[in-house]
>>> print(open('final.cif').read())   # mmCIF, C-alpha atoms
data_run
#
loop_
_atom_site.label_atom_id
_atom_site.label_comp_id
_atom_site.auth_asym_id
_atom_site.auth_seq_id
_atom_site.Cartn_x
_atom_site.Cartn_y
_atom_site.Cartn_z
CA MET C 6 -13.99 -13.91 71.11
CA VAL C 7 -16.27 -10.90 71.46
CA ILE C 8 -19.84 -11.79 72.29
CA ALA C 9 -23.00 -9.72 72.50
CA VAL C 10 -26.41 -10.28 74.06
CA ARG C 11 -29.41 -8.79 72.25
CA PRO C 12 -33.15 -9.33 71.82
CA ALA C 13 -33.92 -12.19 69.46
CA THR C 14 -35.58 -11.41 66.13
CA PRO C 15 -37.68 -13.64 63.86
CA GLU C 16 -34.60 -13.95 61.62
CA ASP C 17 -32.88 -15.85 64.48
CA ALA C 18 -35.51 -18.63 64.46
CA ALA C 19 -33.52 -21.02 62.24
CA GLU C 20 -30.39 -20.76 64.40
CA ILE C 21 -32.46 -21.07 67.59
CA ALA C 22 -34.17 -24.20 66.23
CA ALA C 23 -30.77 -25.66 65.29
CA ILE C 24 -29.40 -25.00 68.80
CA TYR C 25 -32.45 -26.62 70.42
CA LYS C 26 -32.55 -29.71 68.16
CA PRO C 27 -29.82 -31.76 69.90
CA TYR C 28 -31.46 -31.13 73.28
CA VAL C 29 -34.65 -32.69 71.93
CA GLU C 30 -33.23 -35.50 69.82
CA GLY C 31 -30.19 -36.61 71.80
CA ALA C 32 -30.94 -35.86 75.42
CA THR C 33 -33.57 -35.85 78.12
CA VAL C 34 -33.06 -32.14 78.81
CA SER C 35 -36.22 -31.30 76.85
CA PHE C 36 -39.36 -33.38 77.13
CA GLU C 37 -40.30 -32.66 73.53
CA LEU C 38 -40.04 -35.73 71.33
CA LYS C 39 -39.77 -33.99 67.95
CA ALA C 40 -37.51 -30.98 67.42
CA PRO C 41 -39.39 -27.88 66.27
CA ASP C 42 -38.40 -26.47 62.90
CA GLU C 43 -37.71 -22.83 62.06
CA ARG C 44 -41.38 -22.04 61.40
CA THR C 45 -42.49 -23.55 64.70
CA MET C 46 -39.78 -21.70 66.61
CA ARG C 47 -40.74 -18.46 64.88
CA SER C 48 -44.35 -19.08 65.98
CA ARG C 49 -43.25 -19.64 69.58
CA MET C 50 -41.30 -16.41 69.53
CA ALA C 51 -44.26 -14.54 68.03
CA ALA C 52 -46.59 -16.03 70.66
CA SER C 53 -44.75 -13.99 73.29
CA ASP C 54 -46.56 -11.06 71.63
CA GLY C 55 -43.96 -8.57 72.81
CA TYR C 56 -44.72 -9.47 76.43
CA TYR C 57 -42.08 -12.08 77.26
CA PRO C 58 -38.42 -11.65 76.27
CA TRP C 59 -36.40 -13.87 73.97
CA LEU C 60 -32.67 -13.04 73.99
CA VAL C 61 -29.70 -14.39 72.04
CA VAL C 62 -25.96 -14.36 72.63
CA THR C 63 -23.98 -13.88 69.44
CA GLU C 64 -20.38 -14.10 68.34
CA GLY C 65 -19.42 -10.50 67.71
CA GLU C 66 -17.65 -10.71 64.36
CA SER C 67 -19.85 -13.22 62.54
CA GLY C 68 -23.07 -12.50 64.40
CA ALA C 69 -23.69 -16.26 64.73
CA VAL C 70 -26.17 -17.16 67.46
CA LEU C 71 -24.40 -19.14 70.18
CA GLY C 72 -27.38 -19.55 72.50
CA TYR C 73 -30.73 -18.21 73.56
CA ALA C 74 -32.79 -17.62 76.67
CA TYR C 75 -36.46 -16.83 77.01
CA ALA C 76 -39.29 -16.27 79.45
CA THR C 77 -42.83 -17.51 79.08
CA LYS C 78 -46.00 -17.98 81.12
CA PHE C 79 -45.46 -20.26 84.07
CA ARG C 80 -49.04 -21.56 83.90
CA ASP C 81 -52.17 -20.45 82.08
CA ARG C 82 -54.36 -19.52 85.05
CA PRO C 83 -54.64 -15.73 85.58
CA ALA C 84 -53.37 -15.81 89.17
CA TYR C 85 -49.96 -16.97 87.85
CA GLN C 86 -49.45 -13.89 85.65
CA TYR C 87 -46.79 -12.47 87.98
CA THR C 88 -44.58 -15.58 87.72
CA ILE C 89 -42.67 -16.65 84.63
CA GLU C 90 -40.86 -19.76 83.49
CA THR C 91 -37.41 -19.43 81.96
CA GLY C 92 -35.17 -21.50 79.73
CA VAL C 93 -31.67 -21.25 78.31
CA TYR C 94 -29.96 -23.31 75.60
CA LEU C 95 -26.43 -23.05 74.20
CA ALA C 96 -25.03 -24.31 70.92
CA GLN C 97 -23.10 -27.55 71.28
CA GLY C 98 -19.45 -26.85 72.08
CA THR C 99 -20.05 -23.36 73.49
CA GLN C 100 -20.82 -24.35 77.08
CA GLY C 101 -18.40 -23.33 79.81
CA ARG C 102 -17.44 -20.00 78.23
CA GLY C 103 -19.78 -17.75 80.22
CA ASN C 104 -22.39 -17.44 77.46
CA GLY C 105 -25.15 -19.02 79.53
CA ARG C 106 -24.37 -16.78 82.49
CA GLN C 107 -24.43 -13.64 80.33
CA LEU C 108 -27.73 -14.67 78.77
CA TYR C 109 -29.28 -15.45 82.14
CA ASP C 110 -27.99 -12.24 83.74
CA ALA C 111 -29.58 -10.22 80.94
CA LEU C 112 -32.83 -12.21 81.10
CA ILE C 113 -33.14 -11.90 84.89
CA ASP C 114 -32.35 -8.16 84.80
CA THR C 115 -34.97 -7.71 82.08
CA VAL C 116 -37.83 -9.65 83.70
CA ARG C 117 -37.04 -7.98 87.02
CA ALA C 118 -37.38 -4.56 85.33
CA GLN C 119 -40.64 -5.72 83.77
CA GLY C 120 -42.00 -6.24 87.29
CA PHE C 121 -42.47 -10.01 87.46
CA THR C 122 -42.37 -11.41 90.99
CA HIS C 123 -40.74 -14.84 90.54
CA ALA C 124 -39.02 -16.90 87.85
CA ILE C 125 -39.27 -20.68 87.78
CA SER C 126 -37.03 -23.05 85.86
CA VAL C 127 -37.76 -26.73 85.40
CA ILE C 128 -34.61 -28.83 85.03
CA ALA C 129 -34.53 -32.47 83.94
CA LEU C 130 -32.34 -34.38 86.37
CA PRO C 131 -29.52 -35.12 86.72
CA ASN C 132 -28.02 -31.96 85.23
CA ASP C 133 -25.29 -30.51 87.45
CA HIS C 134 -24.19 -27.96 84.83
CA MET C 135 -27.65 -26.36 84.57
CA ILE C 136 -28.15 -26.45 88.32
CA ARG C 137 -24.85 -24.57 88.80
CA LEU C 138 -25.84 -22.02 86.13
CA HIS C 139 -29.23 -21.38 87.71
CA GLU C 140 -27.85 -21.14 91.22
CA SER C 141 -25.15 -18.72 90.03
CA VAL C 142 -27.89 -16.21 89.11
CA GLY C 143 -29.89 -16.68 92.31
CA PHE C 144 -32.24 -19.62 91.68
CA ARG C 145 -32.76 -22.05 94.55
CA SER C 146 -34.17 -25.57 94.52
CA THR C 147 -37.83 -25.73 95.53
CA GLY C 148 -38.67 -29.36 94.86
CA ILE C 149 -38.42 -32.45 92.71
CA LEU C 150 -41.10 -34.31 90.80
CA ARG C 151 -40.10 -37.96 90.62
CA GLU C 152 -40.46 -39.82 87.31
CA ALA C 153 -42.33 -36.88 85.78
CA GLY C 154 -41.54 -37.72 82.16
CA TYR C 155 -40.63 -40.75 80.09
CA LYS C 156 -38.02 -40.25 77.38
CA ALA C 157 -35.16 -42.20 75.82
CA GLY C 158 -36.33 -45.42 77.42
CA ARG C 159 -36.30 -44.18 80.99
CA TRP C 160 -38.25 -42.18 83.55
CA VAL C 161 -36.81 -38.73 84.22
CA ASP C 162 -37.14 -36.64 87.38
CA VAL C 163 -37.52 -32.88 87.11
CA GLY C 164 -36.47 -30.28 89.63
CA PHE C 165 -37.99 -26.86 90.15
CA TRP C 166 -35.69 -23.89 90.76
CA GLN C 167 -37.08 -20.47 91.71
CA VAL C 168 -35.73 -16.95 92.12
CA ARG C 169 -37.50 -13.93 93.61
CA LEU C 170 -37.36 -11.06 91.14
CA ASN C 171 -39.38 -8.44 93.02
CA ASP C 172 -41.33 -8.21 96.26
CA ALA C 173 -44.84 -9.63 96.19
CA THR C 174 -47.00 -6.58 96.89
CA ILE C 175 -50.70 -6.37 97.72
CA PRO C 176 -52.22 -5.56 95.37
CA PRO C 177 -49.70 -6.91 92.88
CA ARG C 178 -48.17 -4.56 90.30
CA GLU C 179 -48.89 -5.40 86.67
CA PRO C 180 -45.76 -6.52 84.83
CA LYS C 181 -44.85 -4.37 81.85
CA PRO C 182 -44.43 -5.85 78.36
CA PHE C 183 -40.94 -6.56 77.07
CA SER C 184 -41.78 -4.39 74.05
CA GLU C 185 -42.13 -1.44 76.45
CA ILE C 186 -39.09 -2.13 78.67
CA GLY C 187 -36.59 -3.60 76.19
CA MET C 188 -33.55 -5.57 77.21
CA VAL C 189 -32.01 -4.53 80.52
CA TRP C 190 -28.56 -5.68 81.46
CA ASN C 191 -26.95 -4.35 84.64
CA TRP C 192 -23.35 -5.29 83.88
#
>>> encode(input="final.cif", output="structure tokens")
Amino acid sequence: MVIAVRPATPEDAAEIAAIYKPYVEGATVSFELKAPDERTMRSRMAASDGYYPWLVVTEGESGAVLGYAYATKFRDRPAYQYTIETGVYLAQGTQGRGNGRQLYDALIDTVRAQGFTHAISVIALPNDHMIRLHESVGFRSTGILREAGYKAGRWVDVGFWQVRLNDATIPPREPKPFSEIGMVWNW
């Protein structure tokens, strides 16, 4: 199967919402309690305002979206503007085929080119598959928050994974918008 990674468009919102839904409704991977619909997902994508990337991996012949990855603000305070938070989700049944790795490679190459300093990923535990994926692209464990969320009748720990994207300079360099850099993939 031929796959391609490309920037997500608003037209992908329905497929992205459909991919995310099982992670919300049938798992503790996401701490959301209600799956966002197409309109909500489209709003989230638009909220990146051309600054943070959203990428999709597609099946080449049909163009069907098999997964997505995105970056967003790590926290709202201005001093955090050089650090991003990342996420990646794959359609059910498509895990283990390299799609997540290709998405994450493209996302990391892109945010590195934008000039961000660090990427953080928050992983609900246990989740060996996601830990392996993150560590395969350079993330390292930086800590665990015990019983950080309550979902599906149980308390869930979350782990923080971090990767250095660029050196932390003084003064820091302003990251460039995704709309200016575009997708970068050093394959």
>>> residues_around(input="final.cif", residues="stretch 161-164 of chain C", least_positions_apart="3", cutoff="10 Å", atoms="only C-alpha atoms", output="tab-separated table (two decimals) with C-alpha atoms, in the coordinates of the input")
chain	number	residue	atom	x	y	z
C	33	THR	CA	-33.57	-35.85	78.12
C	34	VAL	CA	-33.06	-32.14	78.81
C	36	PHE	CA	-39.36	-33.38	77.13
C	126	SER	CA	-37.03	-23.05	85.86
C	127	VAL	CA	-37.76	-26.73	85.40
C	128	ILE	CA	-34.61	-28.83	85.03
C	129	ALA	CA	-34.53	-32.47	83.94
C	130	LEU	CA	-32.34	-34.38	86.37
C	131	PRO	CA	-29.52	-35.12	86.72
C	132	ASN	CA	-28.02	-31.96	85.23
C	136	ILE	CA	-28.15	-26.45	88.32
C	146	SER	CA	-34.17	-25.57	94.52
C	147	THR	CA	-37.83	-25.73	95.53
C	148	GLY	CA	-38.67	-29.36	94.86
C	149	ILE	CA	-38.42	-32.45	92.71
C	150	LEU	CA	-41.10	-34.31	90.80
C	151	ARG	CA	-40.10	-37.96	90.62
C	152	GLU	CA	-40.46	-39.82	87.31
C	153	ALA	CA	-42.33	-36.88	85.78
C	154	GLY	CA	-41.54	-37.72	82.16
C	155	TYR	CA	-40.63	-40.75	80.09
C	156	LYS	CA	-38.02	-40.25	77.38
C	157	ALA	CA	-35.16	-42.20	75.82
C	158	GLY	CA	-36.33	-45.42	77.42
>>> resolve_selection(input="final.cif", expression="the PyMOL selection byres ((chain C and resi 54-65) around 6)", output="PDB file with C-alpha atoms, in the coordinates of the input")
ATOM      1  CA  VAL C   7     -16.270 -10.900  71.460  1.00  0.00           C
ATOM      2  CA  ILE C   8     -19.840 -11.790  72.290  1.00  0.00           C
ATOM      3  CA  ALA C   9     -23.000  -9.720  72.500  1.00  0.00           C
ATOM      4  CA  VAL C  10     -26.410 -10.280  74.060  1.00  0.00           C
ATOM      5  CA  ARG C  11     -29.410  -8.790  72.250  1.00  0.00           C
ATOM      6  CA  PRO C  12     -33.150  -9.330  71.820  1.00  0.00           C
ATOM      7  CA  ALA C  13     -33.920 -12.190  69.460  1.00  0.00           C
ATOM      8  CA  ALA C  51     -44.260 -14.540  68.030  1.00  0.00           C
ATOM      9  CA  ALA C  52     -46.590 -16.030  70.660  1.00  0.00           C
ATOM     10  CA  SER C  53     -44.750 -13.990  73.290  1.00  0.00           C
ATOM     11  CA  GLU C  66     -17.650 -10.710  64.360  1.00  0.00           C
ATOM     12  CA  SER C  67     -19.850 -13.220  62.540  1.00  0.00           C
ATOM     13  CA  GLY C  68     -23.070 -12.500  64.400  1.00  0.00           C
ATOM     14  CA  ALA C  69     -23.690 -16.260  64.730  1.00  0.00           C
ATOM     15  CA  VAL C  70     -26.170 -17.160  67.460  1.00  0.00           C
ATOM     16  CA  LEU C  71     -24.400 -19.140  70.180  1.00  0.00           C
ATOM     17  CA  GLY C  72     -27.380 -19.550  72.500  1.00  0.00           C
ATOM     18  CA  TYR C  73     -30.730 -18.210  73.560  1.00  0.00           C
ATOM     19  CA  ALA C  74     -32.790 -17.620  76.670  1.00  0.00           C
ATOM     20  CA  TYR C  75     -36.460 -16.830  77.010  1.00  0.00           C
ATOM     21  CA  ALA C  76     -39.290 -16.270  79.450  1.00  0.00           C
ATOM     22  CA  THR C  77     -42.830 -17.510  79.080  1.00  0.00           C
ATOM     23  CA  PRO C 182     -44.430  -5.850  78.360  1.00  0.00           C
ATOM     24  CA  PHE C 183     -40.940  -6.560  77.070  1.00  0.00           C
ATOM     25  CA  SER C 184     -41.780  -4.390  74.050  1.00  0.00           C
TER      26      SER C 184
END
>>> closest_residue(input="final.cif", among="C:Arg169, C:Gln97, C:Tyr85, C:Glu43", to="C:Ile24", atoms="only C-alpha atoms")
C:Gln97
>>> atom_distance(input="final.cif", atom1="atom CA of C:Asp114", atom2="atom CA of C:Leu170")
8.6 Å
>>> atom_distance(input="final.cif", atom1="atom CA of C:Gln100", atom2="atom CA of C:Phe79")
25.9 Å
>>> closest_residue(input="final.cif", among="C:Phe165, C:Tyr87, C:Trp190, C:Trp160", to="C:Ile125", atoms="all atoms listed in the file")
C:Phe165
>>> atom_distance(input="final.cif", atom1="atom CA of C:Asp81", atom2="atom CA of C:Ala124")
14.8 Å
